[in-house]
file query-v2.txt (compact mmCIF, C-alpha atoms)
# COMPACT_ATOMS: atom_id res chain seq x y z
CA MET A 1247 4.16 13.52 -28.96
CA GLU A 1248 6.87 10.87 -29.31
CA ASN A 1249 8.96 11.65 -26.26
CA GLY A 1250 6.63 12.70 -23.52
CA SER A 1251 7.77 13.89 -20.14
CA ILE A 1252 7.99 11.62 -17.13
CA LEU A 1253 4.88 13.15 -15.63
CA GLU A 1254 2.95 12.43 -18.82
CA SER A 1255 4.10 8.83 -18.94
CA ILE A 1256 3.22 7.99 -15.32
CA GLY A 1257 0.36 10.42 -14.77
CA SER A 1258 -2.39 7.80 -14.87
CA GLU A 1259 -0.43 5.48 -12.59
CA ILE A 1260 0.11 8.24 -10.02
CA ILE A 1261 -3.59 9.09 -10.01
CA GLY A 1262 -4.48 5.41 -9.74
CA VAL A 1263 -2.38 5.10 -6.58
CA MET A 1264 -3.04 8.48 -4.96
CA SER A 1265 -6.82 8.17 -5.21
CA PRO A 1266 -7.15 5.07 -2.97
CA VAL A 1267 -4.53 6.46 -0.58
CA SER A 1268 -6.52 9.68 -0.28
CA ILE A 1269 -9.77 7.77 0.26
CA CYS A 1270 -8.14 5.65 2.96
CA MET A 1271 -6.78 8.68 4.81
CA PHE A 1272 -10.08 10.55 4.53
CA LEU A 1273 -12.11 7.69 5.98
CA VAL A 1274 -9.62 7.16 8.81
CA VAL A 1275 -9.93 10.84 9.70
CA LEU A 1276 -13.72 10.49 9.76
CA LEU A 1277 -13.46 7.44 12.03
CA VAL A 1278 -11.07 9.23 14.37
CA TYR A 1279 -13.34 12.26 14.58
CA SER A 1280 -16.39 10.10 15.18
CA LEU A 1281 -15.00 7.57 17.62
CA SER A 1282 -12.18 9.36 19.46
CA SER A 1283 -14.52 11.17 21.87
CA SER A 1284 -16.26 7.97 22.91
CA SER A 1285 -13.05 5.94 23.10
CA ASN A 1286 -11.34 8.58 25.22
CA SER A 1287 -13.96 8.11 27.87
CA GLY A 1288 -12.46 4.72 28.64
CA ALA A 1289 -8.97 5.28 30.04
CA ASP A 1290 -7.87 1.69 29.43
CA GLN A 1291 -5.33 1.38 26.64
CA ILE A 1292 -5.06 -1.67 24.44
CA ARG A 1293 -1.81 -3.61 24.48
CA THR A 1294 -0.55 -4.61 21.06
CA ALA A 1295 2.75 -5.58 19.47
CA ALA A 1296 3.48 -1.85 19.16
CA ASN A 1297 3.50 -1.24 22.92
CA LEU A 1298 4.65 -4.50 24.45
CA VAL A 1299 7.34 -2.93 26.62
CA TYR A 1300 5.87 0.37 27.77
CA VAL A 1301 2.31 1.62 28.20
CA GLU A 1302 2.25 5.40 28.16
CA THR A 1303 0.23 7.28 30.77
CA ALA A 1304 -0.48 10.99 31.13
CA SER A 1305 1.31 11.18 34.48
CA ASP A 1306 4.66 10.00 33.03
CA SER A 1307 7.43 12.49 32.52
CA THR A 1308 8.72 13.48 29.10
CA THR A 1309 11.88 11.44 29.61
CA GLN A 1310 9.89 8.36 30.54
CA LYS A 1311 7.63 8.76 27.52
CA LEU A 1312 10.59 9.18 25.17
CA GLU A 1313 12.52 6.20 26.52
CA GLY A 1314 9.45 3.97 26.64
CA SER A 1315 8.34 4.90 23.13
CA LEU A 1316 11.84 4.22 21.77
CA LEU A 1317 11.82 0.78 23.39
CA ASN A 1318 8.36 0.06 21.94
CA ALA A 1319 9.49 1.09 18.45
CA LEU A 1320 12.66 -1.01 18.71
CA VAL A 1321 10.77 -4.13 19.78
CA PHE A 1322 8.14 -3.66 17.08
CA VAL A 1323 10.74 -3.25 14.32
CA ILE A 1324 12.59 -6.35 15.55
CA LEU A 1325 9.34 -8.32 15.42
CA ILE A 1326 8.62 -7.06 11.90
CA ALA A 1327 12.13 -7.99 10.74
CA ALA A 1328 11.86 -11.46 12.32
CA VAL A 1329 8.50 -12.12 10.67
CA THR A 1330 9.87 -10.92 7.33
CA PHE A 1331 12.90 -13.21 7.51
CA LEU A 1332 10.60 -16.10 8.46
CA LEU A 1333 8.46 -15.21 5.44
CA VAL A 1334 11.53 -15.26 3.21
CA LEU A 1335 12.58 -18.63 4.62
CA LEU A 1336 9.16 -20.19 4.03
CA TYR A 1337 8.99 -18.76 0.54
CA TYR A 1338 12.50 -20.02 -0.24
CA TYR A 1339 11.49 -23.57 0.65
CA ASN A 1340 8.26 -23.29 -1.39
CA PHE A 1341 5.76 -23.27 1.47
CA THR A 1342 3.48 -21.21 -0.74
CA GLY A 1343 0.34 -23.04 0.35
CA PHE A 1344 1.02 -22.24 3.99
CA LEU A 1345 1.75 -18.60 3.15
CA LYS A 1346 -1.49 -18.24 1.18
CA ASN A 1347 -3.51 -19.78 4.00
CA TYR A 1348 -1.76 -17.52 6.49
CA MET A 1349 -2.65 -14.45 4.44
CA ARG A 1350 -6.25 -15.65 4.15
CA PHE A 1351 -6.43 -16.08 7.92
CA SER A 1352 -4.88 -12.64 8.47
CA ALA A 1353 -7.41 -10.98 6.18
CA PHE A 1354 -10.27 -12.91 7.82
CA PHE A 1355 -9.08 -11.88 11.28
CA VAL A 1356 -8.71 -8.21 10.35
CA LEU A 1357 -12.06 -7.98 8.57
CA GLY A 1358 -13.99 -10.13 11.03
CA THR A 1359 -12.68 -9.14 14.46
CA MET A 1360 -10.99 -5.76 14.12
CA GLY A 1361 -13.44 -4.59 11.46
CA GLY A 1362 -16.36 -5.97 13.44
CA SER A 1363 -15.26 -4.05 16.53
CA ILE A 1364 -15.12 -0.80 14.55
CA PHE A 1365 -18.49 -1.58 12.99
CA LEU A 1366 -20.06 -2.07 16.42
CA SER A 1367 -18.52 1.18 17.64
CA VAL A 1368 -20.02 3.03 14.68
CA ILE A 1369 -23.43 1.46 15.38
CA GLN A 1370 -23.29 2.53 19.03
CA TYR A 1371 -22.04 6.02 18.24
CA PHE A 1372 -24.71 6.78 15.64
CA SER A 1373 -27.42 4.74 17.45
CA ILE A 1374 -28.22 2.70 14.35
CA PRO A 1375 -31.25 0.43 14.98
CA ILE A 1376 -30.12 -3.09 14.06
CA ASP A 1377 -30.60 -6.46 15.73
CA SER A 1378 -27.76 -8.80 16.61
CA ILE A 1379 -28.70 -11.50 14.07
CA THR A 1380 -28.73 -9.06 11.16
CA CYS A 1381 -25.46 -7.55 12.33
CA PHE A 1382 -23.87 -11.00 12.54
CA VAL A 1383 -25.08 -11.99 9.06
CA LEU A 1384 -23.79 -8.72 7.59
CA MET A 1385 -20.37 -9.15 9.19
CA VAL A 1386 -20.05 -12.77 8.06
CA ASN A 1387 -20.97 -11.89 4.48
CA PHE A 1388 -18.68 -8.87 4.50
CA THR A 1389 -15.75 -10.93 5.78
CA LEU A 1390 -16.21 -13.93 3.49
CA VAL A 1391 -16.67 -11.82 0.37
CA GLY A 1392 -13.56 -9.86 1.32
CA VAL A 1393 -11.37 -12.92 1.75
CA LEU A 1394 -12.65 -14.49 -1.48
CA SER A 1395 -12.18 -11.32 -3.50
CA LEU A 1396 -8.64 -10.84 -2.20
CA PHE A 1397 -7.37 -14.36 -2.85
CA SER A 1398 -9.63 -15.87 -5.52
CA ASP A 1399 -10.05 -15.32 -9.23
CA GLY A 1400 -13.33 -14.40 -10.86
CA PHE A 1401 -13.98 -11.23 -8.85
CA PRO A 1402 -13.89 -7.71 -10.32
CA ILE A 1403 -10.61 -5.95 -9.67
CA PHE A 1404 -12.55 -2.97 -8.28
CA LEU A 1405 -13.89 -5.19 -5.49
CA ARG A 1406 -10.40 -6.39 -4.65
CA GLN A 1407 -9.09 -2.83 -4.63
CA SER A 1408 -11.95 -1.73 -2.38
CA TYR A 1409 -11.24 -4.44 0.17
CA MET A 1410 -7.55 -3.58 0.16
CA VAL A 1411 -8.50 -0.01 1.08
CA VAL A 1412 -10.87 -1.33 3.77
CA LEU A 1413 -8.07 -3.43 5.26
CA GLY A 1414 -5.86 -0.36 5.42
CA ILE A 1415 -8.62 1.67 7.08
CA ILE A 1416 -9.28 -0.97 9.73
CA VAL A 1417 -5.64 -1.51 10.68
CA ALA A 1418 -4.91 2.23 10.66
CA ALA A 1419 -7.92 2.94 12.87
CA TRP A 1420 -6.55 0.50 15.45
CA PHE A 1421 -3.06 1.99 15.28
CA THR A 1422 -4.47 5.44 16.02
CA LYS A 1423 -5.38 4.15 19.48
CA LEU A 1424 -1.70 4.06 20.40
CA PRO A 1425 -0.36 6.85 22.65
CA GLU A 1426 1.10 9.92 20.96
CA TRP A 1427 4.79 9.42 21.76
CA THR A 1428 4.67 5.76 20.77
CA THR A 1429 2.95 6.65 17.49
CA TRP A 1430 5.57 9.17 16.39
CA THR A 1431 8.59 7.06 17.33
CA LEU A 1432 6.98 4.04 15.68
CA LEU A 1433 6.43 5.92 12.41
CA ILE A 1434 10.02 7.17 12.35
CA ALA A 1435 11.39 3.71 13.15
CA LEU A 1436 9.30 2.05 10.42
CA ALA A 1437 10.40 4.62 7.84
CA LEU A 1438 14.05 3.91 8.69
CA TYR A 1439 13.44 0.16 8.65
CA ASP A 1440 11.74 0.39 5.26
CA LEU A 1441 14.72 2.30 3.91
CA VAL A 1442 17.24 -0.29 5.13
CA ALA A 1443 15.15 -3.36 4.30
CA VAL A 1444 14.57 -2.23 0.71
CA LEU A 1445 17.94 -0.73 -0.23
CA ALA A 1446 20.46 -2.66 1.89
CA PRO A 1447 22.13 -5.59 0.08
CA GLY A 1448 21.01 -8.07 2.72
CA GLY A 1449 17.68 -6.44 3.46
CA PRO A 1450 14.81 -8.89 3.98
CA LEU A 1451 12.49 -7.10 1.56
CA LYS A 1452 15.19 -6.96 -1.10
CA ILE A 1453 15.85 -10.69 -0.69
CA LEU A 1454 12.13 -11.47 -0.86
CA VAL A 1455 11.60 -9.56 -4.09
CA GLU A 1456 14.71 -10.95 -5.74
CA LEU A 1457 13.54 -14.43 -4.85
CA ALA A 1458 10.07 -13.80 -6.26
CA SER A 1459 11.64 -12.27 -9.37
CA SER A 1460 13.87 -15.28 -9.99
CA ARG A 1461 10.84 -17.56 -9.83
CA ASP A 1462 8.67 -15.23 -11.90
CA GLY A 1463 6.02 -15.51 -9.20
CA GLU A 1464 3.87 -13.24 -7.11
CA LEU A 1465 5.01 -11.79 -3.82
CA PRO A 1466 3.46 -13.44 -0.75
CA ALA A 1467 2.05 -10.16 0.50
CA LEU A 1468 -1.04 -7.98 0.48
CA VAL A 1469 -0.57 -5.25 -2.14
CA TYR A 1470 -2.90 -2.82 -3.85
CA GLU A 1471 -2.80 -3.20 -7.63
CA ALA A 1472 -3.58 -0.23 -9.85
CA ARG A 1473 -5.38 -1.40 -12.99
CA PRO A 1474 -3.03 -1.61 -16.00
CA VAL A 1475 -3.85 0.20 -19.21
CA VAL A 1476 -2.71 0.09 -22.83
CA SER A 1477 -2.52 3.28 -24.83
CA ASN A 1478 -2.21 3.63 -28.60
CA ARG A 1479 0.45 6.33 -28.62
CA GLY A 1480 4.04 5.43 -29.25
CA GLY A 1481 6.94 6.17 -27.04
CA ARG A 1482 8.22 4.73 -23.83
CA THR A 1483 6.30 2.41 -21.64
CA GLY A 1484 4.80 3.64 -18.43
CA LEU A 1485 5.90 2.90 -14.92
CA GLY A 1486 5.61 -0.71 -13.87
CA MET A 1487 7.03 -0.93 -10.40
CA LEU A 1488 5.98 -2.09 -7.01
CA VAL A 1489 6.15 0.48 -4.25
CA GLY A 1490 5.99 -1.21 -0.90
CA GLY A 1491 6.27 -0.80 2.81
CA VAL A 1492 5.44 -2.72 5.95
CA SER A 1493 2.08 -4.37 6.45
CA ASP A 1494 0.50 -5.60 9.63
CA SER A 1495 1.25 -9.22 8.83
CA GLU A 1496 4.19 -9.12 6.48
CA SER A 1497 6.55 -6.75 4.73
CA VAL A 1498 6.65 -5.98 1.07
CA GLU A 1499 9.16 -4.16 -1.07
CA VAL A 1500 9.44 -2.67 -4.49
CA GLU A 1501 10.13 -4.38 -7.76
CA MET A 1502 9.96 -3.72 -11.46
CA VAL A 1503 7.40 -6.34 -12.34
CA ALA A 1504 4.99 -7.06 -15.16
CA ARG A 1505 1.58 -7.44 -13.61
CA GLY A 1506 -1.75 -8.75 -14.60
CA ASN A 1507 -4.06 -11.71 -14.45
CA ASP A 1508 -5.83 -13.03 -17.47
CA THR A 1509 -8.72 -14.39 -15.44
CA ARG A 1510 -9.29 -11.03 -13.82
CA ASN A 1511 -9.32 -9.32 -17.17
CA ARG A 1512 -11.78 -11.85 -18.53
CA ASP A 1513 -14.08 -11.41 -15.56
CA SER A 1514 -14.14 -7.62 -15.77
CA GLY A 1515 -17.19 -7.70 -18.03
CA VAL A 1516 -15.47 -6.36 -21.15
CA GLU A 1517 -15.05 -8.16 -24.47
CA TYR A 1518 -11.44 -8.46 -25.59
CA THR A 1519 -9.72 -9.31 -28.83
CA SER A 1520 -6.14 -10.54 -28.80
CA VAL A 1521 -3.25 -8.95 -30.68
CA GLN A 1522 -0.14 -11.11 -30.83
CA VAL A 1523 3.13 -9.24 -30.26
CA GLU A 1524 5.66 -12.12 -30.29
CA SER A 1525 5.17 -15.82 -30.80
CA ASP A 1526 6.45 -16.84 -27.37
CA ASP A 1527 6.29 -13.72 -25.32
CA ILE A 1528 3.42 -11.52 -24.26
CA GLU A 1529 -0.06 -11.12 -25.56
CA VAL A 1530 -1.61 -7.67 -25.50
CA VAL A 1531 -5.37 -7.41 -25.40
CA ARG A 1532 -7.48 -4.44 -26.24
CA ASP A 1533 -11.15 -3.55 -26.29
CA GLU A 1534 -13.21 -0.82 -27.85
CA GLY A 1535 -13.39 1.63 -24.94
CA GLU A 1536 -11.02 0.49 -22.21
CA THR A 1537 -7.76 -1.30 -22.90
CA SER A 1538 -5.74 -3.53 -20.63
CA PRO A 1539 -2.62 -5.65 -21.18
CA LEU A 1540 -2.62 -9.34 -20.55
CA VAL A 1541 0.83 -9.88 -19.10
CA PRO A 1542 2.42 -13.08 -17.79
CA ASN A 1543 1.02 -14.65 -14.67
CA SER A 1544 2.98 -16.86 -12.33
CA GLY A 1545 0.52 -19.66 -12.86
CA GLY A 1546 -0.45 -18.86 -16.42
CA SER A 1547 -0.02 -20.81 -19.64
CA GLU A 1548 3.21 -21.27 -21.50
CA HIS A 1549 1.95 -18.85 -24.14
CA GLY A 1550 2.19 -15.97 -21.66
CA ARG A 1551 5.60 -16.73 -20.19
CA ARG A 1552 8.65 -14.58 -20.54
CA ASP A 1553 12.22 -15.60 -21.08
CA MET A 1554 13.96 -15.06 -17.74
CA GLN A 1555 17.55 -15.22 -19.00
CA GLY A 1556 19.89 -12.45 -17.93
CA GLU A 1557 18.81 -9.18 -16.41
CA ARG A 1558 15.30 -7.94 -17.12
CA SER A 1559 14.73 -4.85 -19.20
CA PRO A 1560 11.45 -3.21 -18.20
CA LEU A 1561 10.94 -1.52 -21.55
CA ILE A 1562 11.97 -4.33 -23.87
CA GLU A 1563 11.26 -7.74 -22.42
CA LEU A 1564 7.73 -6.79 -21.34
CA LEU A 1565 6.68 -6.36 -24.95
CA GLY A 1566 9.02 -9.02 -26.37
CA MET A 1567 10.97 -6.51 -28.42
CA ARG A 1568 13.81 -8.82 -29.41
CA ASP A 1569 14.62 -10.06 -32.87
CA ALA A 1570 15.71 -13.54 -33.88
CA ALA A 1571 19.34 -12.84 -32.93
CA GLY A 1572 18.35 -11.76 -29.45
CA GLU A 1573 19.20 -8.12 -30.08
CA VAL A 1574 16.90 -5.24 -29.28
CA SER A 1575 14.76 -4.28 -32.21
CA THR A 1576 14.68 -0.51 -32.67
CA ASP A 1577 11.56 -0.81 -34.78
CA ALA A 1578 9.76 -2.50 -31.93
CA LEU A 1579 10.46 0.47 -29.68
CA ASP A 1580 8.31 2.60 -31.98
CA THR A 1581 5.34 0.27 -31.86
CA GLU A 1582 1.88 1.74 -31.83
CA VAL A 1583 0.83 -0.28 -28.81
CA THR A 1584 2.31 1.04 -25.57
CA THR A 1585 1.73 -0.96 -22.45
CA SER A 1586 1.72 0.42 -18.94
CA ARG A 1587 2.24 -1.89 -16.01
CA GLY A 1588 0.31 -0.69 -13.02
CA ILE A 1589 1.92 0.29 -9.74
CA LYS A 1590 1.51 -1.93 -6.71
CA LEU A 1591 1.41 -0.27 -3.31
CA GLY A 1592 1.93 -2.26 -0.13
CA LEU A 1593 -0.80 -2.40 2.49
CA GLY A 1594 1.63 -1.06 5.08
CA ASP A 1595 1.88 2.22 3.18
CA PHE A 1596 -1.88 2.70 3.33
CA VAL A 1597 -1.82 1.92 7.03
CA PHE A 1598 0.97 4.21 8.19
CA TYR A 1599 0.04 7.11 5.93
CA SER A 1600 -3.42 6.96 7.48
CA VAL A 1601 -2.04 6.57 11.01
CA LEU A 1602 -0.12 9.82 10.60
CA VAL A 1603 -3.15 11.69 9.32
CA GLY A 1604 -5.36 10.10 11.99
CA ARG A 1605 -2.99 11.25 14.72
CA ALA A 1606 -3.06 14.74 13.22
CA ALA A 1607 -6.88 14.64 13.24
CA MET A 1608 -6.80 14.26 17.02
CA TYR A 1609 -5.29 17.72 17.28
CA ASP A 1610 -6.62 20.06 14.60
CA LEU A 1611 -7.97 20.10 11.04
CA MET A 1612 -5.20 22.42 9.93
CA THR A 1613 -2.61 19.79 10.78
CA VAL A 1614 -4.68 17.23 8.86
CA TYR A 1615 -4.52 19.35 5.69
CA ALA A 1616 -0.79 19.94 6.08
CA CYS A 1617 0.00 16.26 6.72
CA TYR A 1618 -2.18 15.12 3.82
CA LEU A 1619 -0.43 17.45 1.38
CA ALA A 1620 2.97 16.39 2.70
CA ILE A 1621 2.20 12.67 2.35
CA ILE A 1622 0.81 13.03 -1.16
CA SER A 1623 3.79 15.15 -2.18
CA GLY A 1624 6.19 12.55 -0.77
CA LEU A 1625 4.38 9.74 -2.58
CA GLY A 1626 4.53 11.69 -5.83
CA CYS A 1627 8.27 12.27 -5.36
CA THR A 1628 8.76 8.55 -4.74
CA LEU A 1629 6.91 7.61 -7.92
CA ILE A 1630 8.88 10.13 -9.96
CA LEU A 1631 12.13 8.76 -8.54
CA LEU A 1632 10.99 5.29 -9.54
CA ALA A 1633 10.39 6.47 -13.08
CA VAL A 1634 13.79 8.17 -13.26
CA HIS A 1635 16.05 5.60 -11.60
CA ARG A 1636 14.15 2.43 -12.56
CA GLN A 1637 15.16 0.61 -9.38
CA ALA A 1638 13.56 -0.50 -6.15
CA LEU A 1639 12.68 2.30 -3.75
CA PRO A 1640 10.77 2.29 -0.44
CA ALA A 1641 7.52 4.23 -0.26
CA LEU A 1642 7.48 5.23 3.42
CA PRO A 1643 10.59 7.36 4.13
CA ILE A 1644 9.90 10.47 2.05
CA SER A 1645 6.18 10.68 2.86
CA ILE A 1646 6.56 9.92 6.56
CA THR A 1647 9.44 12.39 6.93
CA LEU A 1648 7.52 15.18 5.22
CA GLY A 1649 4.32 14.33 7.11
CA ILE A 1650 5.96 14.43 10.54
CA MET A 1651 7.86 17.60 9.68
CA PHE A 1652 4.73 19.37 8.47
CA TYR A 1653 2.75 18.19 11.49
CA PHE A 1654 5.10 19.77 14.02
CA LEU A 1655 5.69 22.89 11.92
CA THR A 1656 1.94 23.40 11.60
CA ARG A 1657 1.23 22.66 15.24
CA LEU A 1658 4.07 24.75 16.70
CA ILE A 1659 4.36 27.62 14.22
CA LEU A 1660 1.57 27.91 11.66
CA GLU A 1661 -1.44 27.26 13.87
CA PRO A 1662 -0.49 29.80 16.62
CA PHE A 1663 0.23 32.38 13.92
CA VAL A 1664 -3.08 31.82 12.10
CA VAL A 1665 -5.09 31.75 15.32
CA GLY A 1666 -3.38 34.91 16.57
CA THR A 1667 -4.01 36.84 13.38
CA SER A 1668 -7.62 35.64 13.20
CA THR A 1669 -8.46 36.58 16.78
CA ASN A 1670 -6.92 40.03 16.27
CA LEU A 1671 -8.81 40.49 12.98
CA LEU A 1672 -5.64 40.84 10.92
CA MET A 1673 -5.87 40.15 7.18
CA PHE A 1674 -3.15 39.58 4.59
call {"tool": "encode", "arguments": {"input": "query-v2.txt", "output": "structure tokens"}}
result
Amino acid sequence: MENGSILESIGSEIIGVMSPVSICMFLVVLLVYSLSSSSNSGADQIRTAANLVYVETASDSTTQKLEGSLLNALVFVILIAAVTFLLVLLYYYNFTGFLKNYMRFSAFFVLGTMGGSIFLSVIQYFSIPIDSITCFVLMVNFTLVGVLSLFSDGFPIFLRQSYMVVLGIIVAAWFTKLPEWTTWTLLIALALYDLVAVLAPGGPLKILVELASSRDGELPALVYEARPVVSNRGGRTGLGMLVGGVSDSESVEVEMVARGNDTRNRDSGVEYTSVQVESDDIEVVRDEGETSPLVPNSGGSEHGRRDMQGERSPLIELLGMRDAAGEVSTDALDTEVTTSRGIKLGLGDFVFYSVLVGRAAMYDLMTVYACYLAIISGLGCTLILLAVHRQALPALPISITLGIMFYFLTRLILEPFVVGTSTNLLMF
């Protein structure tokens, strides 16, 4: 089929993104169900950047909770914006080494301290017999392998993807310890911030991505990369955009970007043979069973570099479909090799999707199902909008809005109705 629908063209990318998001939310729900009872026994609340101004207590009035939670959300968003602008400033002046070391330290801190605390809580809850030395060795190995796999070449992409999901689970599990009012106002504020920061002309995320695009480099952020594929059917190329949000350490945005790493593809354990598309553009590699494109890397060889003149065309310049005169070759559009650049999803999206579902898990399983379906539906709508409009879009607003709406509708309307009909033995 020459002209497939949008859903056909981005179906594999949507599945590749929704699967890790679903796994992350599911494991956060399990952690909340397992550890919430034991954590509730201790009335002391942790103080983080999300509740610097106001610490919610059960004895506070509704007005106090609302005002305090709004102040907490405002302060947290200001901190996120300040850190993002600082990130843009450092990246503008080429402090890439400092940024990489900062991200390594952030990942080490999250995996080692926050992840270690959750690991110890799981051991205590399930009464797992393990000595302190073995536990320490396991945590050190887990943390070091995670940092190396996230920021070094030579590791399977599946391992990197797994650790990205683990990072999202750990941070989301800590955010679920926030009070209820603070959690909801924080989610709404972050969704609004993501919308402004991505779409506003002077938004920090928009500036960061434009800067990275002009340098043909990678974003200084933690993002989940869906594995790219190459199919042999003609037609239009698949979706190759970055869907981002706010992470715990930095903010990321969305960009139409060609992704890939030749060293990662070589280390995936598959034998490749090269097929040259253009003499100075992009090399596409394929194997017998699984195919994957080898697209330009920011630190790659000159053979894999693209011409950055003018405005990028996601369907043409990725495959080098220009003739000698610089015009678009119509014959090249009908090529047998169709490349699909994988979607990149920011770590912040994993975190705050899971925070919403984790908060719903503290109330009832019915709200968990409703929030999960709402978040997945919102993410699917975002990806479809990306495929249609071919421009940067934030990933949080639609999913967070639908998730919060479905949570309160389920809690206030659906659950009382279902419980009432069930207790009165009414069937429909």
call {"tool": "closest_residue", "arguments": {"input": "query-v2.txt", "among": "A:Ala1327, A:Leu1465, A:Leu1591, A:Ile1434", "to": "Gly1262 in chain A", "atoms": "all atoms listed in the file"}}
result
A:Leu1591
call {"tool": "closest_residue", "arguments": {"input": "query-v2.txt", "among": "A:Leu1631, A:Leu1320, A:Ile1261, A:Ile1269", "to": "Ala1435 in chain A", "atoms": "only C-alpha atoms"}}
result
A:Leu1320
call {"tool": "atom_distance", "arguments": {"input": "query-v2.txt", "atom1": "CA of Ala1295 in chain A", "atom2": "CA of Tyr1409 in chain A"}}
result
23.9 Å
call {"tool": "closest_residue", "arguments": {"input": "query-v2.txt", "among": "A:Gly1626, A:Gly1362, A:Gly1314, A:Pro1662", "to": "Ile1644 in chain A", "atoms": "all atoms listed in the file"}}
result
A:Gly1626
call {"tool": "residues_near_point", "arguments": {"input": "query-v2.txt", "point": "(-0.7, 20.7, 6.1)", "cutoff": "9 Å", "atoms": "only C-alpha atoms", "output": "short mmCIF file (atom, residue, chain, number, x, y, z; two decimals) with C-alpha atoms, in the frame of the given file"}}
result
data_model
loop_
_atom_site.label_atom_id
_atom_site.label_comp_id
_atom_site.auth_asym_id
_atom_site.auth_seq_id
_atom_site.Cartn_x
_atom_site.Cartn_y
_atom_site.Cartn_z
CA LEU A 1611 -7.97 20.10 11.04
CA MET A 1612 -5.20 22.42 9.93
CA THR A 1613 -2.61 19.79 10.78
CA VAL A 1614 -4.68 17.23 8.86
CA TYR A 1615 -4.52 19.35 5.69
CA ALA A 1616 -0.79 19.94 6.08
CA CYS A 1617 0.00 16.26 6.72
CA TYR A 1618 -2.18 15.12 3.82
CA LEU A 1619 -0.43 17.45 1.38
CA ALA A 1620 2.97 16.39 2.70
CA GLY A 1649 4.32 14.33 7.11
CA PHE A 1652 4.73 19.37 8.47
CA TYR A 1653 2.75 18.19 11.49
CA LEU A 1655 5.69 22.89 11.92
CA THR A 1656 1.94 23.40 11.60
#
call {"tool": "residues_near_point", "arguments": {"input": "query-v2.txt", "point": "(6.5, -3.6, 23.0)", "cutoff": "12 Å", "atoms": "all atoms listed in the file", "output": "PyMOL selection string"}}
result
chain A and resi 1292-1302+1314-1326+1424+1428+1432
call {"tool": "closest_atom_pairs", "arguments": {"input": "query-v2.txt", "of": "range 1289-1357 of chain A", "to": "range 1450-1463 of chain A", "cutoff": "9 Å", "atoms": "only C-alpha atoms", "output": "JSON lines"}}
result
{"residue": "A:Ala1327", "atom": "CA", "partner": "A:Pro1450", "partner_atom": "CA", "distance": 7.3}
{"residue": "A:Thr1330", "atom": "CA", "partner": "A:Pro1450", "partner_atom": "CA", "distance": 6.3}
{"residue": "A:Phe1331", "atom": "CA", "partner": "A:Pro1450", "partner_atom": "CA", "distance": 5.9}
{"residue": "A:Leu1333", "atom": "CA", "partner": "A:Leu1454", "partner_atom": "CA", "distance": 8.2}
{"residue": "A:Val1334", "atom": "CA", "partner": "A:Leu1454", "partner_atom": "CA", "distance": 5.6}
{"residue": "A:Tyr1337", "atom": "CA", "partner": "A:Leu1454", "partner_atom": "CA", "distance": 8.1}
{"residue": "A:Tyr1338", "atom": "CA", "partner": "A:Leu1457", "partner_atom": "CA", "distance": 7.3}
call {"tool": "write_last_selection", "arguments": {"input": "query-v2.txt", "atoms": "C-alpha atoms", "output": "mmCIF file, in the coordinates of the input"}}
result
data_model
loop_
_atom_site.group_PDB
_atom_site.id
_atom_site.type_symbol
_atom_site.label_atom_id
_atom_site.label_comp_id
_atom_site.auth_asym_id
_atom_site.auth_seq_id
_atom_site.Cartn_x
_atom_site.Cartn_y
_atom_site.Cartn_z
ATOM 1 C CA ALA A 1327 12.130 -7.990 10.740
ATOM 2 C CA THR A 1330 9.870 -10.920 7.330
ATOM 3 C CA PHE A 1331 12.900 -13.210 7.510
ATOM 4 C CA LEU A 1333 8.460 -15.210 5.440
ATOM 5 C CA VAL A 1334 11.530 -15.260 3.210
ATOM 6 C CA TYR A 1337 8.990 -18.760 0.540
ATOM 7 C CA TYR A 1338 12.500 -20.020 -0.240
#
call {"tool": "residues_around", "arguments": {"input": "query-v2.txt", "residues": "Gln1407 in chain A", "least_positions_apart": "5", "cutoff": "9 Å", "atoms": "all atoms listed in the file", "output": "list in words"}}
result
Pro1266, Leu1396, Pro1402, Val1412, Tyr1470, Glu1471 and Ala1472 of chain A
call {"tool": "atom_distance", "arguments": {"input": "query-v2.txt", "atom1": "CA of Ile1650 in chain A", "atom2": "CA of Trp1430 in chain A"}}
result
7.9 Å
call {"tool": "closest_residue", "arguments": {"input": "query-v2.txt", "among": "A:Leu1648, A:Ala1446, A:Val1411, A:Ile1589", "to": "Leu1632 in chain A", "atoms": "all atoms listed in the file"}}
result
A:Ile1589
call {"tool": "closest_residue", "arguments": {"input": "query-v2.txt", "among": "A:Glu1661, A:Met1360, A:Asp1595, A:Met1264", "to": "Asp1440 in chain A", "atoms": "only C-alpha atoms"}}
result
A:Asp1595
call {"tool": "atom_distance", "arguments": {"input": "query-v2.txt", "atom1": "CA of Met1385 in chain A", "atom2": "CA of Gly1361 in chain A"}}
result
8.6 Å
